[in-house]
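Printed here is entry_26.cif (mmCIF, N, CA and C atoms):
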data_coords
#
loop_
_atom_site.label_atom_id
_atom_site.label_comp_id
_atom_site.auth_asym_id
_atom_site.auth_seq_id
_atom_site.Cartn_x
_atom_site.Cartn_y
_atom_site.Cartn_z
N MET A 1 1.46 -16.77 29.59
CA MET A 1 1.65 -17.98 28.81
C MET A 1 1.14 -17.73 27.39
N ALA A 2 1.95 -18.02 26.42
CA ALA A 2 1.56 -17.84 25.02
C ALA A 2 0.58 -18.92 24.61
N GLY A 3 -0.41 -18.53 23.82
CA GLY A 3 -1.39 -19.49 23.33
C GLY A 3 -0.85 -20.31 22.18
N THR A 4 -1.55 -21.37 21.88
CA THR A 4 -1.14 -22.21 20.76
C THR A 4 -2.06 -22.01 19.55
N ALA A 5 -3.08 -21.18 19.70
CA ALA A 5 -3.98 -20.93 18.57
C ALA A 5 -3.28 -20.07 17.53
N ARG A 6 -3.62 -20.28 16.28
CA ARG A 6 -3.07 -19.47 15.19
C ARG A 6 -4.18 -19.21 14.19
N LEU A 7 -4.06 -18.12 13.47
CA LEU A 7 -5.06 -17.79 12.46
C LEU A 7 -4.99 -18.82 11.35
N GLY A 8 -6.10 -19.49 11.09
CA GLY A 8 -6.10 -20.55 10.09
C GLY A 8 -6.81 -20.20 8.81
N ALA A 9 -7.82 -19.32 8.88
CA ALA A 9 -8.58 -18.98 7.69
C ALA A 9 -9.36 -17.70 7.92
N ILE A 10 -9.69 -17.04 6.85
CA ILE A 10 -10.59 -15.90 6.84
C ILE A 10 -11.75 -16.31 5.95
N SER A 11 -12.97 -16.27 6.49
CA SER A 11 -14.15 -16.72 5.75
C SER A 11 -15.00 -15.54 5.33
N ILE A 12 -15.49 -15.58 4.11
CA ILE A 12 -16.32 -14.51 3.56
C ILE A 12 -17.68 -15.09 3.21
N ASP A 13 -18.73 -14.54 3.81
CA ASP A 13 -20.08 -14.98 3.52
C ASP A 13 -20.52 -14.45 2.16
N CYS A 14 -21.27 -15.27 1.44
CA CYS A 14 -21.74 -14.87 0.11
C CYS A 14 -22.86 -15.80 -0.33
N SER A 15 -23.50 -15.48 -1.43
CA SER A 15 -24.57 -16.34 -1.93
C SER A 15 -24.07 -17.37 -2.94
N ASP A 16 -22.91 -17.13 -3.57
CA ASP A 16 -22.37 -18.04 -4.58
C ASP A 16 -20.87 -18.25 -4.33
N PRO A 17 -20.50 -19.18 -3.44
CA PRO A 17 -19.10 -19.38 -3.09
C PRO A 17 -18.20 -19.67 -4.29
N SER A 18 -18.67 -20.44 -5.23
CA SER A 18 -17.84 -20.82 -6.37
C SER A 18 -17.41 -19.61 -7.20
N SER A 19 -18.36 -18.75 -7.55
CA SER A 19 -17.99 -17.62 -8.42
C SER A 19 -17.16 -16.59 -7.67
N LEU A 20 -17.46 -16.33 -6.38
CA LEU A 20 -16.65 -15.36 -5.64
C LEU A 20 -15.24 -15.91 -5.40
N ALA A 21 -15.12 -17.20 -5.13
CA ALA A 21 -13.80 -17.81 -4.96
C ALA A 21 -12.99 -17.71 -6.25
N ARG A 22 -13.62 -17.92 -7.39
CA ARG A 22 -12.90 -17.81 -8.68
C ARG A 22 -12.38 -16.39 -8.88
N PHE A 23 -13.16 -15.38 -8.50
CA PHE A 23 -12.71 -13.99 -8.59
C PHE A 23 -11.45 -13.79 -7.76
N TYR A 24 -11.48 -14.16 -6.48
CA TYR A 24 -10.31 -13.96 -5.62
C TYR A 24 -9.16 -14.90 -6.00
N GLN A 25 -9.47 -16.06 -6.55
CA GLN A 25 -8.42 -16.95 -7.03
C GLN A 25 -7.58 -16.24 -8.09
N GLN A 26 -8.25 -15.52 -8.99
CA GLN A 26 -7.54 -14.79 -10.03
C GLN A 26 -6.86 -13.54 -9.49
N VAL A 27 -7.53 -12.82 -8.59
CA VAL A 27 -6.94 -11.60 -8.03
C VAL A 27 -5.65 -11.91 -7.29
N LEU A 28 -5.65 -12.99 -6.49
CA LEU A 28 -4.52 -13.29 -5.60
C LEU A 28 -3.66 -14.46 -6.06
N ASP A 29 -3.96 -15.06 -7.20
CA ASP A 29 -3.21 -16.19 -7.74
C ASP A 29 -3.11 -17.33 -6.73
N LEU A 30 -4.28 -17.77 -6.24
CA LEU A 30 -4.36 -18.85 -5.25
C LEU A 30 -4.87 -20.12 -5.92
N THR A 31 -4.76 -21.24 -5.21
CA THR A 31 -5.25 -22.51 -5.73
C THR A 31 -6.43 -22.99 -4.87
N ILE A 32 -7.30 -23.79 -5.47
CA ILE A 32 -8.44 -24.34 -4.76
C ILE A 32 -7.96 -25.54 -3.94
N LEU A 33 -8.18 -25.46 -2.64
CA LEU A 33 -7.84 -26.56 -1.73
C LEU A 33 -9.03 -27.49 -1.56
N PHE A 34 -10.22 -26.91 -1.46
CA PHE A 34 -11.44 -27.68 -1.20
C PHE A 34 -12.60 -26.95 -1.86
N GLU A 35 -13.55 -27.73 -2.42
CA GLU A 35 -14.73 -27.10 -3.01
C GLU A 35 -15.94 -28.00 -2.84
N SER A 36 -17.02 -27.40 -2.37
CA SER A 36 -18.32 -28.06 -2.29
C SER A 36 -19.34 -27.01 -2.74
N PRO A 37 -20.61 -27.38 -2.90
CA PRO A 37 -21.59 -26.38 -3.30
C PRO A 37 -21.72 -25.22 -2.31
N ASP A 38 -21.40 -25.46 -1.04
CA ASP A 38 -21.59 -24.44 -0.01
C ASP A 38 -20.31 -23.81 0.50
N MET A 39 -19.15 -24.27 0.06
CA MET A 39 -17.90 -23.70 0.56
C MET A 39 -16.76 -23.99 -0.40
N VAL A 40 -15.90 -22.98 -0.56
CA VAL A 40 -14.68 -23.14 -1.34
C VAL A 40 -13.54 -22.58 -0.50
N ALA A 41 -12.43 -23.30 -0.43
CA ALA A 41 -11.25 -22.82 0.30
C ALA A 41 -10.11 -22.62 -0.69
N LEU A 42 -9.52 -21.44 -0.65
CA LEU A 42 -8.36 -21.13 -1.50
C LEU A 42 -7.10 -21.17 -0.65
N GLN A 43 -6.04 -21.68 -1.24
CA GLN A 43 -4.77 -21.82 -0.54
C GLN A 43 -3.67 -21.11 -1.33
N GLY A 44 -2.68 -20.63 -0.63
CA GLY A 44 -1.55 -20.00 -1.28
C GLY A 44 -1.06 -18.80 -0.52
N ALA A 45 -1.90 -18.25 0.33
CA ALA A 45 -1.49 -17.15 1.20
C ALA A 45 -1.06 -17.75 2.54
N SER A 46 -0.77 -16.91 3.50
CA SER A 46 -0.37 -17.39 4.82
C SER A 46 -1.51 -18.10 5.54
N VAL A 47 -2.74 -17.78 5.18
CA VAL A 47 -3.92 -18.42 5.75
C VAL A 47 -4.84 -18.81 4.61
N LEU A 48 -5.81 -19.66 4.90
CA LEU A 48 -6.81 -20.00 3.90
C LEU A 48 -7.81 -18.86 3.77
N LEU A 49 -8.30 -18.66 2.59
CA LEU A 49 -9.36 -17.72 2.32
C LEU A 49 -10.55 -18.55 1.88
N THR A 50 -11.62 -18.56 2.68
CA THR A 50 -12.75 -19.42 2.38
C THR A 50 -13.99 -18.59 2.08
N PHE A 51 -14.90 -19.17 1.30
CA PHE A 51 -16.14 -18.53 0.89
C PHE A 51 -17.27 -19.47 1.23
N GLN A 52 -18.21 -19.01 2.04
CA GLN A 52 -19.27 -19.87 2.55
C GLN A 52 -20.64 -19.34 2.17
N ARG A 53 -21.50 -20.27 1.74
CA ARG A 53 -22.86 -19.89 1.35
C ARG A 53 -23.67 -19.51 2.59
N VAL A 54 -24.37 -18.40 2.47
CA VAL A 54 -25.28 -17.93 3.51
C VAL A 54 -26.61 -17.66 2.83
N ALA A 55 -27.66 -18.31 3.32
CA ALA A 55 -28.99 -18.11 2.75
C ALA A 55 -29.40 -16.65 2.89
N ASP A 56 -29.95 -16.09 1.85
CA ASP A 56 -30.42 -14.70 1.84
C ASP A 56 -29.32 -13.71 2.19
N HIS A 57 -28.11 -13.98 1.74
CA HIS A 57 -27.00 -13.07 2.03
C HIS A 57 -27.30 -11.67 1.49
N GLN A 58 -27.06 -10.67 2.31
CA GLN A 58 -27.23 -9.28 1.92
C GLN A 58 -25.86 -8.64 1.87
N PRO A 59 -25.39 -8.19 0.72
CA PRO A 59 -24.07 -7.56 0.65
C PRO A 59 -24.00 -6.34 1.55
N PRO A 60 -22.84 -6.07 2.13
CA PRO A 60 -22.70 -4.88 2.96
C PRO A 60 -22.80 -3.62 2.11
N GLN A 61 -23.21 -2.54 2.74
CA GLN A 61 -23.27 -1.24 2.09
C GLN A 61 -22.14 -0.39 2.66
N TRP A 62 -21.39 0.24 1.81
CA TRP A 62 -20.24 1.01 2.25
C TRP A 62 -20.28 2.38 1.61
N PRO A 63 -19.97 3.42 2.29
CA PRO A 63 -19.44 3.49 3.65
C PRO A 63 -20.51 3.51 4.73
N GLN A 64 -21.78 3.63 4.36
CA GLN A 64 -22.85 3.58 5.36
C GLN A 64 -24.07 2.93 4.75
N GLY A 65 -24.96 2.49 5.60
CA GLY A 65 -26.18 1.88 5.11
C GLY A 65 -26.77 0.97 6.16
N SER A 66 -27.88 0.32 5.82
CA SER A 66 -28.55 -0.54 6.79
C SER A 66 -27.83 -1.87 7.01
N VAL A 67 -26.96 -2.28 6.07
CA VAL A 67 -26.18 -3.51 6.24
C VAL A 67 -24.71 -3.09 6.33
N PRO A 68 -24.17 -3.05 7.55
CA PRO A 68 -22.79 -2.57 7.70
C PRO A 68 -21.74 -3.57 7.21
N LYS A 69 -20.59 -3.04 6.89
CA LYS A 69 -19.43 -3.86 6.52
C LYS A 69 -18.91 -4.48 7.81
N GLN A 70 -18.78 -5.79 7.84
CA GLN A 70 -18.26 -6.45 9.03
C GLN A 70 -16.75 -6.67 8.95
N LEU A 71 -16.22 -6.79 7.76
CA LEU A 71 -14.82 -7.11 7.54
C LEU A 71 -14.50 -6.75 6.10
N HIS A 72 -13.27 -6.36 5.83
CA HIS A 72 -12.86 -6.23 4.44
C HIS A 72 -11.38 -6.56 4.32
N LEU A 73 -10.98 -6.89 3.12
CA LEU A 73 -9.59 -7.26 2.85
C LEU A 73 -8.80 -6.03 2.43
N GLU A 74 -7.56 -5.96 2.86
CA GLU A 74 -6.60 -4.95 2.41
C GLU A 74 -5.55 -5.70 1.60
N LEU A 75 -5.46 -5.44 0.32
CA LEU A 75 -4.50 -6.11 -0.55
C LEU A 75 -3.37 -5.14 -0.87
N ALA A 76 -2.14 -5.54 -0.59
CA ALA A 76 -0.98 -4.69 -0.84
C ALA A 76 -0.59 -4.74 -2.32
N ALA A 77 -0.29 -3.57 -2.88
CA ALA A 77 0.11 -3.46 -4.29
C ALA A 77 1.04 -2.27 -4.42
N SER A 78 2.11 -2.42 -5.17
CA SER A 78 3.04 -1.30 -5.35
C SER A 78 2.55 -0.31 -6.40
N ASP A 79 1.86 -0.79 -7.43
CA ASP A 79 1.36 0.08 -8.49
C ASP A 79 -0.17 0.07 -8.45
N LEU A 80 -0.76 1.05 -7.79
CA LEU A 80 -2.21 1.07 -7.62
C LEU A 80 -2.96 1.16 -8.94
N ASP A 81 -2.48 1.97 -9.86
CA ASP A 81 -3.18 2.12 -11.14
C ASP A 81 -3.23 0.80 -11.90
N ALA A 82 -2.10 0.13 -12.00
CA ALA A 82 -2.04 -1.13 -12.74
C ALA A 82 -2.88 -2.21 -12.06
N GLU A 83 -2.78 -2.30 -10.74
CA GLU A 83 -3.52 -3.34 -10.02
C GLU A 83 -5.03 -3.06 -10.05
N GLU A 84 -5.39 -1.80 -9.93
CA GLU A 84 -6.81 -1.45 -10.03
C GLU A 84 -7.37 -1.85 -11.40
N ALA A 85 -6.66 -1.53 -12.45
CA ALA A 85 -7.12 -1.87 -13.81
C ALA A 85 -7.24 -3.39 -13.97
N ARG A 86 -6.27 -4.14 -13.46
CA ARG A 86 -6.29 -5.60 -13.57
C ARG A 86 -7.50 -6.18 -12.84
N ILE A 87 -7.73 -5.72 -11.61
CA ILE A 87 -8.82 -6.26 -10.79
C ILE A 87 -10.19 -5.84 -11.33
N LEU A 88 -10.30 -4.62 -11.83
CA LEU A 88 -11.55 -4.21 -12.47
C LEU A 88 -11.84 -5.10 -13.67
N GLY A 89 -10.80 -5.47 -14.40
CA GLY A 89 -10.95 -6.35 -15.55
C GLY A 89 -11.40 -7.76 -15.17
N LEU A 90 -11.19 -8.14 -13.91
CA LEU A 90 -11.60 -9.46 -13.43
C LEU A 90 -13.04 -9.45 -12.92
N GLY A 91 -13.67 -8.27 -12.85
CA GLY A 91 -15.07 -8.23 -12.45
C GLY A 91 -15.39 -7.36 -11.25
N ALA A 92 -14.39 -6.74 -10.63
CA ALA A 92 -14.66 -5.82 -9.53
C ALA A 92 -15.23 -4.52 -10.08
N SER A 93 -15.78 -3.72 -9.19
CA SER A 93 -16.20 -2.36 -9.56
C SER A 93 -15.51 -1.40 -8.59
N LYS A 94 -15.47 -0.14 -8.95
CA LYS A 94 -14.83 0.87 -8.12
C LYS A 94 -15.89 1.55 -7.27
N ALA A 95 -15.62 1.65 -5.97
CA ALA A 95 -16.56 2.32 -5.07
C ALA A 95 -16.63 3.80 -5.43
N GLU A 96 -17.79 4.38 -5.28
CA GLU A 96 -17.98 5.79 -5.60
C GLU A 96 -17.13 6.68 -4.69
N ILE A 97 -17.04 6.33 -3.42
CA ILE A 97 -16.27 7.12 -2.45
C ILE A 97 -14.86 6.57 -2.35
N GLN A 98 -13.88 7.45 -2.55
CA GLN A 98 -12.46 7.10 -2.48
C GLN A 98 -11.79 8.05 -1.49
N PRO A 99 -11.69 7.67 -0.19
CA PRO A 99 -11.18 8.58 0.84
C PRO A 99 -9.73 9.03 0.63
N ASN A 100 -8.87 8.19 0.08
CA ASN A 100 -7.45 8.52 -0.09
C ASN A 100 -6.92 7.78 -1.31
N PRO A 101 -7.27 8.20 -2.51
CA PRO A 101 -6.91 7.44 -3.71
C PRO A 101 -5.41 7.36 -3.99
N ASP A 102 -4.61 8.22 -3.38
CA ASP A 102 -3.16 8.11 -3.54
C ASP A 102 -2.58 6.98 -2.70
N GLY A 103 -3.25 6.61 -1.60
CA GLY A 103 -2.75 5.57 -0.70
C GLY A 103 -3.49 4.27 -0.79
N TRP A 104 -4.77 4.31 -1.12
CA TRP A 104 -5.52 3.08 -1.31
C TRP A 104 -6.74 3.36 -2.18
N ARG A 105 -7.20 2.29 -2.82
CA ARG A 105 -8.40 2.36 -3.67
C ARG A 105 -9.42 1.40 -3.09
N VAL A 106 -10.64 1.86 -3.00
CA VAL A 106 -11.73 1.02 -2.52
C VAL A 106 -12.42 0.42 -3.74
N LEU A 107 -12.43 -0.91 -3.80
CA LEU A 107 -13.10 -1.64 -4.87
C LEU A 107 -14.19 -2.50 -4.25
N VAL A 108 -15.07 -3.03 -5.08
CA VAL A 108 -16.16 -3.87 -4.62
C VAL A 108 -16.12 -5.16 -5.43
N ASP A 109 -16.09 -6.31 -4.73
CA ASP A 109 -16.02 -7.59 -5.45
C ASP A 109 -17.37 -7.91 -6.09
N PRO A 110 -17.44 -8.94 -6.95
CA PRO A 110 -18.68 -9.24 -7.65
C PRO A 110 -19.87 -9.57 -6.73
N ALA A 111 -19.61 -9.94 -5.47
CA ALA A 111 -20.70 -10.24 -4.54
C ALA A 111 -21.09 -9.04 -3.70
N GLY A 112 -20.43 -7.89 -3.91
CA GLY A 112 -20.79 -6.67 -3.20
C GLY A 112 -19.94 -6.32 -1.99
N HIS A 113 -18.89 -7.10 -1.69
CA HIS A 113 -18.03 -6.81 -0.55
C HIS A 113 -16.99 -5.75 -0.93
N PRO A 114 -16.88 -4.67 -0.15
CA PRO A 114 -15.81 -3.72 -0.41
C PRO A 114 -14.47 -4.30 0.04
N PHE A 115 -13.41 -3.98 -0.70
CA PHE A 115 -12.05 -4.34 -0.30
C PHE A 115 -11.14 -3.26 -0.83
N CYS A 116 -9.93 -3.21 -0.30
CA CYS A 116 -9.00 -2.15 -0.69
C CYS A 116 -7.74 -2.72 -1.30
N ILE A 117 -7.15 -1.97 -2.21
CA ILE A 117 -5.78 -2.21 -2.62
C ILE A 117 -5.01 -0.99 -2.13
N THR A 118 -3.83 -1.21 -1.58
CA THR A 118 -3.08 -0.12 -0.97
C THR A 118 -1.60 -0.22 -1.27
N ASN A 119 -0.96 0.94 -1.37
CA ASN A 119 0.49 0.98 -1.51
C ASN A 119 1.13 1.40 -0.18
N LEU A 120 0.35 1.40 0.89
CA LEU A 120 0.84 1.82 2.20
C LEU A 120 1.42 0.68 3.03
N ILE A 121 1.39 -0.55 2.50
CA ILE A 121 1.99 -1.69 3.18
C ILE A 121 3.21 -2.10 2.37
N PRO A 122 4.42 -1.78 2.85
CA PRO A 122 5.63 -2.10 2.09
C PRO A 122 5.77 -3.60 1.83
N GLU A 123 6.33 -3.93 0.68
CA GLU A 123 6.56 -5.33 0.31
C GLU A 123 7.44 -5.99 1.36
N GLY A 124 7.09 -7.22 1.74
CA GLY A 124 7.88 -7.95 2.71
C GLY A 124 7.58 -7.62 4.15
N THR A 125 6.59 -6.75 4.41
CA THR A 125 6.28 -6.32 5.77
C THR A 125 5.91 -7.49 6.66
N TYR A 126 5.11 -8.42 6.14
CA TYR A 126 4.61 -9.51 6.99
C TYR A 126 5.06 -10.89 6.51
N SER A 127 6.18 -10.96 5.81
CA SER A 127 6.60 -12.27 5.34
C SER A 127 7.53 -12.93 6.32
#
As structure tokens, what does this structure read like?
Amino acid sequence: MAGTARLGAISIDCSDPSSLARFYQQVLDLTILFESPDMVALQGASVLLTFQRVADHQPPQWPQGSVPKQLHLELAASDLDAEEARILGLGASKAEIQPNPDGWRVLVDPAGHPFCITNLIPEGTYS
């Protein structure tokens, strides 16, 4: 029997939901659906992307460290160089370790979460 549950949102823990949401709002061209001091929800993708305040949040360390990465975003892009430059200009930084820079680039958002941009997901794959 097929379930009726569906993916509704992806939540990212952080210490400052407003500023991290603004970063991803610009990266992904999303709109603010809901905002409070402790949570911001962005709309425009297939699911909501939410940012929630966590007291004493410790950013993950990648690729190894005492605080492991629990989740990261893979953003599809056809031109890695152009998209990397655009996102770096919005406040991301480039991770020191780049396992496969021809296929994906590892970046770090302003709150310390690693995420990737990749040209390995063809346009229209999941639409």
Notebook entry, point to check: Using all atoms listed in the file, which of the listed residues (A:Ala111, A:Gln25, A:Ile121, A:Glu96) sits closest to A:Gln58?
Noted result: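 Among A:Ala111, A:Gln25, A:Ile121, A:Glu96, it is A:Ala111 that comes nearest to A:Gln58.
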Next item on the list: For the structure provided, state which residues fall under the PyMOL selection byres (((chain A and resi 70-81 and name CA) around 12) and name CA), and present them as number ranges by chain.
Entry: A: 10-13, 24, 27-28, 45, 49, 58-64, 67-69, 82-88, 100-109, 112-126
Item checked: Reference answer for the PyMOL selection byres (((chain A and resi 21 and name CA) around 12) and name CA), as a PyMOL selection string -> chain A and resi 11-20+22-43+48-53+109-111
Notebook entry, point to check: For the atom pair atom CA of A:Ser46 and atom CA of A:Ala9, what is the interatomic distance in Å to one decimal place?
Noted result: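 For atom CA of A:Ser46 relative to atom CA of A:Ala9, the distance reads 8.8 Å.
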Notebook entry, point to check: In Å, how far is it from atom CA of A:His57 to atom CA of A:Ile97?
Noted result: 23.3 Å
Notebook entry, point to check: Running DSSP on the backbone, which parts of stretch 19-100 of chain A land in alpha helix (DSSP H), as a ChimeraX atom specification?
Noted result: /A:19-28,80-89
Next item on the list: Just give me the gap between atom N of A:Gly65 and atom C of A:Ala92 in Å, one decimal is fine.
Entry: 19.7 Å
Completion of stretch 89-104 of chain A up to N, CA, C and O atoms, as a PDB file, keeping the file's coordinate frame:
ATOM      1  N   GLY A  89     -10.800  -5.470 -14.400  1.00  0.00           N
ATOM      2  CA  GLY A  89     -10.950  -6.350 -15.550  1.00  0.00           C
ATOM      3  C   GLY A  89     -11.400  -7.760 -15.170  1.00  0.00           C
ATOM      4  O   GLY A  89     -11.943  -8.489 -15.995  1.00  0.00           O
ATOM      5  N   LEU A  90     -11.190  -8.140 -13.910  1.00  0.00           N
ATOM      6  CA  LEU A  90     -11.600  -9.460 -13.430  1.00  0.00           C
ATOM      7  C   LEU A  90     -13.040  -9.450 -12.920  1.00  0.00           C
ATOM      8  O   LEU A  90     -13.575 -10.497 -12.558  1.00  0.00           O
ATOM      9  N   GLY A  91     -13.670  -8.270 -12.850  1.00  0.00           N
ATOM     10  CA  GLY A  91     -15.070  -8.230 -12.450  1.00  0.00           C
ATOM     11  C   GLY A  91     -15.390  -7.360 -11.250  1.00  0.00           C
ATOM     12  O   GLY A  91     -16.541  -7.254 -10.856  1.00  0.00           O
ATOM     13  N   ALA A  92     -14.390  -6.740 -10.630  1.00  0.00           N
ATOM     14  CA  ALA A  92     -14.660  -5.820  -9.530  1.00  0.00           C
ATOM     15  C   ALA A  92     -15.230  -4.520 -10.080  1.00  0.00           C
ATOM     16  O   ALA A  92     -15.149  -4.243 -11.270  1.00  0.00           O
ATOM     17  N   SER A  93     -15.780  -3.720  -9.190  1.00  0.00           N
ATOM     18  CA  SER A  93     -16.200  -2.360  -9.560  1.00  0.00           C
ATOM     19  C   SER A  93     -15.510  -1.400  -8.590  1.00  0.00           C
ATOM     20  O   SER A  93     -15.017  -1.809  -7.540  1.00  0.00           O
ATOM     21  N   LYS A  94     -15.470  -0.140  -8.950  1.00  0.00           N
ATOM     22  CA  LYS A  94     -14.830   0.870  -8.120  1.00  0.00           C
ATOM     23  C   LYS A  94     -15.890   1.550  -7.270  1.00  0.00           C
ATOM     24  O   LYS A  94     -16.927   1.963  -7.790  1.00  0.00           O
ATOM     25  N   ALA A  95     -15.620   1.650  -5.970  1.00  0.00           N
ATOM     26  CA  ALA A  95     -16.560   2.320  -5.070  1.00  0.00           C
ATOM     27  C   ALA A  95     -16.630   3.800  -5.430  1.00  0.00           C
ATOM     28  O   ALA A  95     -15.631   4.400  -5.848  1.00  0.00           O
ATOM     29  N   GLU A  96     -17.790   4.380  -5.280  1.00  0.00           N
ATOM     30  CA  GLU A  96     -17.980   5.790  -5.600  1.00  0.00           C
ATOM     31  C   GLU A  96     -17.130   6.680  -4.690  1.00  0.00           C
ATOM     32  O   GLU A  96     -16.562   7.673  -5.134  1.00  0.00           O
ATOM     33  N   ILE A  97     -17.040   6.330  -3.420  1.00  0.00           N
ATOM     34  CA  ILE A  97     -16.270   7.120  -2.450  1.00  0.00           C
ATOM     35  C   ILE A  97     -14.860   6.570  -2.350  1.00  0.00           C
ATOM     36  O   ILE A  97     -14.663   5.381  -2.115  1.00  0.00           O
ATOM     37  N   GLN A  98     -13.880   7.450  -2.550  1.00  0.00           N
ATOM     38  CA  GLN A  98     -12.460   7.100  -2.480  1.00  0.00           C
ATOM     39  C   GLN A  98     -11.790   8.050  -1.490  1.00  0.00           C
ATOM     40  O   GLN A  98     -11.364   9.143  -1.854  1.00  0.00           O
ATOM     41  N   PRO A  99     -11.690   7.670  -0.190  1.00  0.00           N
ATOM     42  CA  PRO A  99     -11.180   8.580   0.840  1.00  0.00           C
ATOM     43  C   PRO A  99      -9.730   9.030   0.630  1.00  0.00           C
ATOM     44  O   PRO A  99      -9.379  10.144   1.012  1.00  0.00           O
ATOM     45  N   ASN A 100      -8.870   8.190   0.080  1.00  0.00           N
ATOM     46  CA  ASN A 100      -7.450   8.520  -0.090  1.00  0.00           C
ATOM     47  C   ASN A 100      -6.920   7.780  -1.310  1.00  0.00           C
ATOM     48  O   ASN A 100      -6.157   6.826  -1.181  1.00  0.00           O
ATOM     49  N   PRO A 101      -7.270   8.200  -2.510  1.00  0.00           N
ATOM     50  CA  PRO A 101      -6.910   7.440  -3.710  1.00  0.00           C
ATOM     51  C   PRO A 101      -5.410   7.360  -3.990  1.00  0.00           C
ATOM     52  O   PRO A 101      -4.979   6.496  -4.736  1.00  0.00           O
ATOM     53  N   ASP A 102      -4.610   8.220  -3.380  1.00  0.00           N
ATOM     54  CA  ASP A 102      -3.160   8.110  -3.540  1.00  0.00           C
ATOM     55  C   ASP A 102      -2.580   6.980  -2.700  1.00  0.00           C
ATOM     56  O   ASP A 102      -1.528   6.436  -3.024  1.00  0.00           O
ATOM     57  N   GLY A 103      -3.250   6.610  -1.600  1.00  0.00           N
ATOM     58  CA  GLY A 103      -2.750   5.570  -0.700  1.00  0.00           C
ATOM     59  C   GLY A 103      -3.490   4.270  -0.790  1.00  0.00           C
ATOM     60  O   GLY A 103      -2.935   3.212  -0.500  1.00  0.00           O
ATOM     61  N   TRP A 104      -4.770   4.310  -1.120  1.00  0.00           N
ATOM     62  CA  TRP A 104      -5.520   3.080  -1.310  1.00  0.00           C
ATOM     63  C   TRP A 104      -6.740   3.360  -2.180  1.00  0.00           C
ATOM     64  O   TRP A 104      -7.203   4.477  -2.272  1.00  0.00           O
TER      65      TRP A 104
END
